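Everything on this sheet refers to the single structure shown next.
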Amino acid sequence: MKLKIKGERDKQLSYAFIGLSAFSILMAAGNVLTGSLAWHFATTQKTITTPMTYNRPFASDALSADATGMTQFATSFIYWRLNVSPENIDNNQKMILGFVPSAERDELKKALDVEAERIKKGGITTQFDTREIRVMNDGSVVYSGTLKSSTTNGAITTPLKDQEKTYRLKLSYENGVINLHGFEELQPASTTN
């Protein structure tokens with residue numbers, strides 16, 4: 001009789017152990033699934049943002065921003081670099097360099113230093129009027145427009161010729177941070193006969 005009760009108890013304990021083990025495996029799988037879904041939704045969750053300076057919202061997630069956002073970021077960089085005077089060029093260029101990763105900063109800084117020296121020496125004020133904006137698939141934004149320049153030294157005014165310019169800005173957006181990887185002027189294609 002004692003053996004029969006002990007055998008029955010061992011059998012029930014083994015069933016309980018198997019049941020609890022299966023339940024633990026299911027809970028672990030559920031936790032892994034829940035964690036992976038939480039990670040997926042946290043990184044792909046779209047956020048709608050309307051910056052104060054602009055009147056159009058843009059959508060972004062942890063890895064990218066839409067074309068409207070990239071255009072707004074590029075517009076700010078264009079404004080800081082091309083709408084300058086001898087009084088504000090240093091501050092504008094400092095703002096631009098704040099968005100350039102440190103490993104890529106030296107090349108752009110050299111180009112900006114040359115521009116700053118020319119603008120300060122000549123007393124030049126520039127204004128860029130945008131004609132066309134294109135957002136490319138590789139994350140770059142191409143701006144075309146007219147760069148208007150003038151120089152004033154007291155009462156002396158020297159008119160400078162307006163120039164058609166095209167610039168390519170290479171941008172990236174990750175975890176809410178915009179990075180400027182390139183700001184280059186594109187030269188027009190020359191026609192040869």
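Scheme for the structure tokens: letters A, B, ... for chains in order shown; per-chain residue numbers from 1; ligand numbers from 1 in order shown.
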
Polymer residues at most 6 Å from Ala59 (chain A), only C-alpha atoms, same-chain spacing of 5 or more positions, as a ChimeraX atom specification: /A:47-48,65-66

Residues as selected, N, CA, C and O atoms, written as an mmCIF file, in the first residue's frame, can you do that?
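selection_32.cif written:
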```
data_model
loop_
_atom_site.group_PDB
_atom_site.id
_atom_site.type_symbol
_atom_site.label_atom_id
_atom_site.label_comp_id
_atom_site.auth_asym_id
_atom_site.auth_seq_id
_atom_site.Cartn_x
_atom_site.Cartn_y
_atom_site.Cartn_z
ATOM 1 N N THR A 47 7.263 59.639 -35.544
ATOM 2 C CA THR A 47 6.948 60.810 -34.747
ATOM 3 C C THR A 47 6.712 61.972 -35.697
ATOM 4 O O THR A 47 7.511 62.193 -36.605
ATOM 5 N N ILE A 48 5.640 62.688 -35.486
ATOM 6 C CA ILE A 48 5.347 63.865 -36.305
ATOM 7 C C ILE A 48 5.858 65.081 -35.539
ATOM 8 O O ILE A 48 5.501 65.302 -34.384
ATOM 9 N N ALA A 65 14.419 60.469 -41.342
ATOM 10 C CA ALA A 65 13.381 61.494 -41.426
ATOM 11 C C ALA A 65 12.880 61.499 -42.859
ATOM 12 O O ALA A 65 13.609 61.107 -43.780
ATOM 13 N N ASP A 66 11.656 61.963 -43.063
ATOM 14 C CA ASP A 66 11.117 61.975 -44.421
ATOM 15 C C ASP A 66 11.701 63.137 -45.226
ATOM 16 O O ASP A 66 12.513 63.927 -44.726
#
```

Contacts of region 137-148 of chain A within 10 Å, only C-alpha atoms, excl. fewer than 3 positions in-chain, as JSON, numbers by chain: {"A": [64, 65, 66, 67, 70, 71, 73, 74, 75, 78, 82, 83, 125, 126, 127, 128, 129, 130, 131, 132, 133, 134, 159, 160, 161, 162, 163, 164, 165, 166, 167, 168, 169, 170, 171, 172, 173, 180, 181, 182, 183, 184, 185, 186]}

Secondary structure check, strand (DSSP E or B) residues of chain A, as a PyMOL selection string: chain A and resi 47-49+58-60+65+124-135+140-153+156-159+163-174+177-186

Alpha helix (DSSP H) residues, from DSSP on the backbone, in region 24-186 of chain A, as an MDAnalysis selection string: chainID A and resid 24:44 67:82 89:97 105:122

Who sits within 7 Å of region 90-92 of chain A, only C-alpha atoms, same chain under 2 positions skipped, as number ranges by chain: A: 80-81, 88, 94-96

Contacts of Ala42 (chain A) within 9 Å, only C-alpha atoms, excl. fewer than 3 positions in-chain, as a list in words: Leu37, Ala38, Trp39, Gln45, Asp61 and Ala62 of chain A

Can those selected residues be exported to a file as a short mmCIF file (atom, residue, chain, number, x, y, z; two decimals), in the first residue's frame so that it contains C-alpha atoms?
```
data_model
loop_
_atom_site.label_atom_id
_atom_site.label_comp_id
_atom_site.auth_asym_id
_atom_site.auth_seq_id
_atom_site.Cartn_x
_atom_site.Cartn_y
_atom_site.Cartn_z
CA LEU A 37 8.25 43.53 -30.55
CA ALA A 38 8.87 46.37 -28.08
CA TRP A 39 12.32 46.96 -29.62
CA GLN A 45 7.67 54.41 -34.31
CA ASP A 61 11.70 57.47 -36.63
CA ALA A 62 14.89 56.42 -34.86
#
```
